[in-house]
Every structure is written in structure tokens, then in C-alpha cells.
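Listing of target-v2.cif, mmCIF, C-alpha atoms and all ligand atoms
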data_data
loop_
_atom_site.label_atom_id
_atom_site.label_comp_id
_atom_site.auth_asym_id
_atom_site.auth_seq_id
_atom_site.Cartn_x
_atom_site.Cartn_y
_atom_site.Cartn_z
CA MET O 1 0.00 0.00 0.00
CA LYS O 2 1.45 3.32 -0.99
CA ILE O 3 0.95 6.83 -2.27
CA THR O 4 3.05 8.09 -5.21
CA PHE O 5 3.30 11.78 -6.01
CA LEU O 6 3.56 12.41 -9.75
CA GLY O 7 3.57 16.18 -9.33
CA THR O 8 3.77 18.48 -6.33
CA CYS O 9 3.25 22.01 -7.58
CA GLY O 10 0.07 23.85 -8.45
CA GLY O 11 -1.42 27.23 -9.11
CA ARG O 12 -1.21 28.97 -12.46
CA MET O 13 2.32 30.35 -12.40
CA ALA O 14 4.05 27.24 -11.04
CA THR O 15 2.06 25.09 -13.48
CA MET O 16 2.87 27.36 -16.40
CA LEU O 17 6.58 27.29 -15.59
CA GLN O 18 6.54 23.59 -14.60
CA VAL O 19 8.84 24.33 -11.67
CA ARG O 20 7.70 20.94 -10.46
CA GLY O 21 5.38 18.38 -12.01
CA THR O 22 1.58 18.67 -11.95
CA GLY O 23 0.54 15.03 -12.51
CA GLY O 24 -1.42 14.55 -9.27
CA TRP O 25 -0.97 11.51 -7.04
CA ILE O 26 -1.79 7.81 -7.00
CA LEU O 27 -3.18 5.79 -4.12
CA GLU O 28 -2.60 2.03 -4.07
CA MET O 29 -4.62 0.40 -1.30
CA ASP O 30 -6.92 -2.59 -0.81
CA ASP O 31 -6.34 -3.91 -4.36
CA GLU O 32 -7.29 -0.57 -5.90
CA MET O 33 -5.13 1.93 -7.74
CA ILE O 34 -6.64 5.41 -7.92
CA HIS O 35 -5.22 8.43 -9.75
CA VAL O 36 -6.27 11.69 -8.12
CA ASP O 37 -6.15 15.00 -10.03
CA PRO O 38 -4.13 14.03 -13.14
CA GLY O 39 -3.02 17.49 -14.21
CA PRO O 40 -0.63 18.45 -17.03
CA GLY O 41 2.23 15.99 -17.41
CA ALA O 42 0.59 13.09 -15.55
CA MET O 43 1.27 10.70 -18.44
CA VAL O 44 4.94 11.65 -18.72
CA ALA O 45 5.44 11.52 -14.94
CA ALA O 46 3.80 8.07 -14.76
CA LYS O 47 6.19 6.77 -17.40
CA LYS O 48 9.19 8.35 -15.67
CA ASN O 49 8.18 6.76 -12.35
CA ASP O 50 7.50 3.35 -13.89
CA ILE O 51 3.80 3.44 -13.09
CA ASN O 52 1.55 1.36 -15.29
CA LEU O 53 -1.65 3.37 -15.70
CA LYS O 54 -3.36 0.37 -17.32
CA LYS O 55 -3.64 -1.01 -13.79
CA LEU O 56 -5.70 1.94 -12.54
CA THR O 57 -9.11 1.08 -11.12
CA GLY O 58 -10.19 4.65 -10.43
CA ILE O 59 -9.72 8.27 -11.46
CA MET O 60 -10.89 11.14 -9.28
CA ILE O 61 -11.04 14.86 -10.08
CA SER O 62 -11.50 17.32 -7.23
CA HIS O 63 -12.42 20.32 -9.40
CA ALA O 64 -12.35 21.80 -12.88
CA HIS O 65 -9.07 23.73 -12.78
CA PRO O 66 -6.57 22.59 -15.43
CA ASP O 67 -3.75 21.84 -12.98
CA HIS O 68 -6.04 19.07 -11.68
CA TYR O 69 -7.44 17.54 -14.86
CA THR O 70 -5.54 18.33 -18.08
CA ASP O 71 -4.31 14.76 -18.65
CA ALA O 72 -7.54 13.16 -17.40
CA GLU O 73 -8.85 11.91 -20.76
CA VAL O 74 -5.61 10.11 -21.68
CA VAL O 75 -5.31 8.68 -18.18
CA LEU O 76 -8.87 7.40 -18.62
CA GLU O 77 -7.92 5.87 -21.97
CA SER O 78 -5.04 4.12 -20.18
CA MET O 79 -7.34 2.78 -17.44
CA THR O 80 -9.68 1.43 -20.12
CA HIS O 81 -6.82 -0.13 -22.09
CA ALA O 82 -6.96 2.21 -25.07
CA THR O 83 -10.79 2.14 -24.86
CA HIS O 84 -10.92 -1.66 -25.45
CA ASP O 85 -12.05 -2.61 -21.95
CA LYS O 86 -14.92 -1.01 -20.09
CA ARG O 87 -13.39 -0.81 -16.65
CA GLY O 88 -12.73 1.32 -13.61
CA THR O 89 -14.57 4.09 -11.82
CA LEU O 90 -14.48 7.79 -12.60
CA LEU O 91 -15.48 10.22 -9.86
CA GLY O 92 -15.47 13.99 -9.90
CA ASN O 93 -17.21 17.15 -8.89
CA VAL O 94 -19.98 18.47 -11.12
CA ASN O 95 -17.89 21.01 -13.03
CA SER O 96 -15.18 18.49 -13.93
CA ILE O 97 -17.65 15.85 -15.14
CA LYS O 98 -20.58 17.86 -16.49
CA GLY O 99 -19.12 21.34 -16.90
CA GLY O 100 -20.71 24.49 -15.56
CA LYS O 101 -21.27 28.16 -16.29
CA ASP O 102 -17.57 28.98 -16.30
CA TYR O 103 -16.13 25.52 -16.88
CA ARG O 104 -16.13 22.95 -19.59
CA PRO O 105 -15.99 19.30 -18.54
CA ALA O 106 -12.66 17.47 -18.37
CA PHE O 107 -14.17 14.57 -20.36
CA SER O 108 -15.96 14.40 -23.70
CA PRO O 109 -19.34 12.60 -23.78
CA PHE O 110 -17.53 9.75 -25.56
CA HIS O 111 -14.99 9.44 -22.75
CA LEU O 112 -17.76 9.20 -20.18
CA THR O 113 -18.89 5.96 -21.87
CA LEU O 114 -15.50 4.31 -21.25
CA PRO O 115 -15.37 3.53 -17.51
CA LYS O 116 -17.54 0.90 -15.87
CA LYS O 117 -19.19 3.69 -13.94
CA TYR O 118 -18.87 7.39 -13.45
CA GLU O 119 -20.39 9.50 -10.73
CA VAL O 120 -20.73 13.19 -10.00
CA LEU O 121 -20.13 13.80 -6.31
CA LYS O 122 -21.47 16.59 -4.15
CA PRO O 123 -20.06 17.58 -0.76
CA GLY O 124 -20.99 15.05 1.90
CA GLU O 125 -21.87 12.28 -0.57
CA LYS O 126 -20.41 8.83 -0.19
CA THR O 127 -19.59 6.16 -2.73
CA ASN O 128 -16.99 3.45 -3.09
CA ILE O 129 -14.24 2.08 -5.28
CA GLY O 130 -14.03 -1.60 -4.39
CA LYS O 131 -13.66 -1.91 -0.64
CA ILE O 132 -12.64 1.71 -0.18
CA GLU O 133 -15.42 4.00 0.99
CA ILE O 134 -15.07 7.47 -0.48
CA THR O 135 -16.58 10.64 0.96
CA ALA O 136 -16.61 13.96 -0.88
CA THR O 137 -15.80 16.91 1.39
CA PRO O 138 -16.58 20.57 0.73
CA ALA O 139 -13.71 22.84 -0.32
CA LYS O 140 -13.78 26.64 -0.13
CA HIS O 141 -12.20 27.51 -3.45
CA ARG O 142 -12.67 29.81 -6.47
CA GLU O 143 -14.15 26.85 -8.34
CA GLU O 144 -17.18 26.95 -6.11
CA LYS O 145 -18.14 23.28 -6.49
CA ALA O 146 -14.62 22.06 -5.64
CA LEU O 147 -14.22 18.99 -3.43
CA GLY O 148 -11.79 17.20 -1.17
CA PHE O 149 -11.96 13.46 -0.55
CA VAL O 150 -11.68 10.93 2.25
CA PHE O 151 -10.62 7.37 1.40
CA ASN O 152 -11.64 4.93 4.11
CA GLY O 153 -10.11 1.48 3.72
CA SER O 154 -7.31 -0.37 5.52
CA LYS O 155 -6.06 3.16 6.21
CA LYS O 156 -8.02 6.38 6.32
CA ILE O 157 -6.61 9.05 4.02
CA GLY O 158 -7.87 12.61 3.74
CA TYR O 159 -7.25 14.99 0.84
CA THR O 160 -8.25 18.63 1.20
CA GLY O 161 -8.25 19.47 -2.51
CA ASP O 162 -7.70 23.18 -3.18
CA GLY O 163 -9.17 25.85 -0.95
CA GLU O 164 -8.74 27.82 2.25
CA TYR O 165 -9.39 26.50 5.73
CA TYR O 166 -13.00 26.89 6.84
CA GLU O 167 -14.69 26.49 10.19
CA GLY O 168 -15.55 22.82 10.74
CA GLN O 169 -13.34 21.43 7.94
CA GLU O 170 -11.66 19.20 10.52
CA LYS O 171 -14.81 17.17 11.16
CA TYR O 172 -14.64 15.69 7.66
CA PHE O 173 -11.10 14.41 8.25
CA GLU O 174 -11.59 13.04 11.76
CA GLY O 175 -9.56 9.90 12.42
CA CYS O 176 -7.44 10.15 9.27
CA ASP O 177 -4.13 8.28 9.40
CA TYR O 178 -2.77 10.45 6.61
CA LEU O 179 -3.88 13.93 5.64
CA ILE O 180 -2.78 15.36 2.28
CA LEU O 181 -3.05 19.15 2.06
CA ASN O 182 -2.78 21.35 -1.01
CA VAL O 183 -0.72 24.20 0.43
CA LEU O 184 -0.21 26.87 -2.21
CA ARG O 185 1.38 29.55 -0.04
CA PRO O 186 3.87 29.84 2.86
CA ARG O 187 3.28 31.62 6.17
CA GLY O 188 2.63 35.33 5.98
CA THR O 189 1.17 35.32 2.48
CA GLU O 190 -2.52 35.18 1.76
CA TRP O 191 -4.32 34.09 -1.37
CA PRO O 192 -8.05 34.07 -0.76
CA GLN O 193 -9.63 30.65 -1.23
CA HIS O 194 -6.28 28.86 -1.24
CA MET O 195 -4.55 27.28 1.75
CA ASN O 196 -1.36 28.70 3.21
CA VAL O 197 0.89 27.17 5.89
CA THR O 198 -0.81 29.12 8.71
CA MET O 199 -4.18 27.66 7.72
CA ALA O 200 -2.61 24.22 7.30
CA LYS O 201 -1.39 24.43 10.89
CA LYS O 202 -4.93 25.09 12.05
CA LEU O 203 -6.36 22.10 10.19
CA ILE O 204 -3.54 19.70 11.10
CA SER O 205 -3.72 20.71 14.79
CA LYS O 206 -7.43 19.92 14.87
CA VAL O 207 -7.35 16.68 12.85
CA LYS O 208 -4.14 15.34 14.44
CA PRO O 209 -3.46 12.75 11.71
CA LYS O 210 -0.60 10.30 12.19
CA VAL O 211 1.14 11.95 9.25
CA ALA O 212 0.35 15.13 7.30
CA ILE O 213 1.68 15.53 3.77
CA ILE O 214 1.90 18.98 2.21
CA GLN O 215 2.03 19.35 -1.58
CA HIS O 216 0.59 21.31 -4.57
CA PHE O 217 2.95 24.20 -3.92
CA GLY O 218 2.65 27.58 -5.64
CA MET O 219 5.63 29.76 -6.59
CA LEU O 220 5.99 31.53 -3.22
CA MET O 221 5.84 28.21 -1.38
CA ILE O 222 8.55 26.74 -3.62
CA LYS O 223 10.70 29.77 -2.90
CA ALA O 224 10.00 29.59 0.88
CA PRO O 225 11.16 26.69 0.52
CA PRO O 226 8.81 23.83 1.51
CA GLU O 227 11.38 22.19 3.82
CA LYS O 228 11.52 25.32 6.00
CA GLU O 229 7.72 25.44 6.20
CA ARG O 230 7.61 21.71 6.92
CA LYS O 231 9.94 22.06 9.92
CA TRP O 232 7.87 24.92 11.33
CA LEU O 233 4.61 23.01 10.87
CA GLN O 234 6.02 19.92 12.57
CA LYS O 235 7.26 21.94 15.54
CA GLU O 236 3.97 23.80 15.90
CA THR O 237 1.64 20.80 15.52
CA SER O 238 3.76 17.93 16.93
CA VAL O 239 2.50 15.91 13.96
CA LYS O 240 4.91 14.25 11.56
CA ILE O 241 4.91 16.42 8.42
CA ILE O 242 6.21 15.37 5.02
CA ALA O 243 6.81 17.93 2.25
CA ALA O 244 6.15 15.87 -0.88
CA LYS O 245 8.52 15.86 -3.84
CA ASP O 246 7.94 14.68 -7.38
CA GLY O 247 8.26 10.91 -7.58
CA MET O 248 8.07 10.46 -3.80
CA LYS O 249 6.51 7.20 -2.63
CA ILE O 250 5.06 6.90 0.84
CA ASP O 251 4.45 3.43 2.19
CA LEU O 252 1.22 3.29 4.16
ZN ZN Z 301 -7.91 25.05 -8.07
#

Would you mind writing the file out in C-alpha cells?
Amino acid sequence: MKITFLGTCGGRMATMLQVRGTGGWILEMDDEMIHVDPGPGAMVAAKKNDINLKKLTGIMISHAHPDHYTDAEVVLESMTHATHDKRGTLLGNVNSIKGGKDYRPAFSPFHLTLPKKYEVLKPGEKTNIGKIEITATPAKHREEKALGFVFNGSKKIGYTGDGEYYEGQEKYFEGCDYLILNVLRPRGTEWPQHMNVTMAKKLISKVKPKVAIIQHFGMLMIKAPPEKERKWLQKETSVKIIAAKDGMKIDL
């Protein structure tokens, strides 16, 4: 059981400059292999890290911003073995699957016929991929229908998705062994509707996971650099903090 990070930066500028990869991350647990937020470069990063995307059993998109979905259709074609096999589960928020006023969907109508099932998730809704129970959590982000996810299987893993800390966010991640946070900014810098390290401290202190993993860094966070912010967070929260790097594998 492990998590592999294919890309650990995010936000428009860092994505545009590809200061780090933006391929999302992959969870392997309980006989499932789930690719979360396959942004630009996911295919290339998977190849580089020797990950066989034909083995995927699920793809999940937290919201309809390109740094979370650009490679999604080709990743879906990989999961369905070049469209030959109807297999796997596709889950996403409404804007990434159906599109919305300001967003076009990440998948064509044809692509939505490829997986065994696809589902649009709303905050609070539960579904499953195999034995893993999945809960969609609300995220306070510019893409107003954005989600986070909780994966409840042999281990409980929380993922905030993008967005700033909001009152009560911790209740969705209660009891998580691992908490993955998209932390765009370091301490002392604000970007409304995105999480910075100060907000991350608040959430981690309340959830008290066994391990918290910070990733999806914007330009200022990369410059901080992440290791400095990681040390501060660990001291402040007394929780083990990992600052993810491209290609990093974490055994669960
Ligand atoms: Zn976003």
C-alpha cells in the first residue's frame, strides 16, 4: 500500500513554468489503484516513475481547474486499455464531469462511456471504489463546487483538494491516518480561497493525523522553501509532516 506523487506544484504560475510536475498523485490500497487529479504531465510523470496506468481502477477529479485535470482523458484511456475494456470508476465534482457556467468538462461525452461507472459527487456524498469508501468533502475555493476526498479502507486518508481552511473542515477528516493538504502559499502570504501554511497548521492541529503531507505548492511556497515550512509546521503541531517531492513514494 502506498501513495506516489507524480507532481507536487500547483497554481497557475508554477504550473505554467513547470517548476515541479503537476501530474497529481496515486493511491494504491486494498487492491485498488486510484489516480487523483491528473493534471498536465501526468502521463509523462507516470512513465518516468515506472507506473503502469493500465492497472488503474479509479480516477478522481477534485475540481475543474486545469492543474487538476488536463491529462484526465488520456489517463482514462489508459485505465480502459486504449478504450478496449470497459473498466474502472471515474469520480469527480460536477464542473469536472458535467461542466458548468464557467467551466467545460474534463471529459468528452464519448470518454464518459469508457469507464464501468462514473459519478458526480457533491459535498458530503459517499460512494466506493471496491472496498474503499469514499466521501466527498466541501472545499472553499474559487471553483465553487470544488471537493476534497476521504478514502476509508485499511487506512483512512484525507485529501483537502484546493481551498482555504474553513470552520468545521476538521470534522470531515476526523480519524485520518494520513492527511494530504494542497498548500499553495507559505506563512505570511494570503491568497483568498487557497490554503497557506498558517491555515494548514490550524487544520492539522485539529485533525491530528498520524502523518500530514503537504504538496501542490505555488511559486511563493517553492521559494520559501517547503522544507523550511515543513519544519515549522512539525514543531507547531507535533504531527509528523512530510513535504512531498515529485516521484516520492510513501508506504502506508
Ligand atoms: Zn484550483

Counting all atoms listed in the file, what residues are within 12 Å of ligand ZN 301 (chain Z), given as a PyMOL selection string?
-> chain O and resi 9-12+15+37+39+61-69+95-96+139-148+160-164+182-184+191-195+216-218

For Lys98 of chain O, which residue out of O:Ala14, O:Val120, O:Ala82, O:Leu6 is the nearest one, using all atoms listed in the file?
-> O:Val120

Compile the contact shell of Val239 of chain O as a PyMOL selection string: residues with an atom at most 9 Å away, counting all atoms listed in the file, same-chain residues fewer than 4 positions apart removed.
-> chain O and resi 204-205+208-212+233-235

Just the residues within 8 Å of segment 134-138 of chain O, please, counting only C-alpha atoms, with nothing from its chain fewer than 4 positions along; format it as a PyMOL selection string.
-> chain O and resi 121-129+145-152+160+169+172

Do you have the atom CA of Asp177 of chain O-atom CA of Lys228 of chain O distance handy?
->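 One can read the atom CA of Asp177 of chain O to atom CA of Lys228 of chain O distance as 23.4 Å.
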
In Å, how far is it from atom CA of Gly188 of chain O to atom CA of Met219 of chain O?
->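 Spanning atom CA of Gly188 of chain O to atom CA of Met219 of chain O is a straight-line distance of 14.1 Å.
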
Just give me the gap between atom CA of Ala45 of chain O and atom CA of Gly21 of chain O in Å, one decimal is fine.
-> 7.5 Å
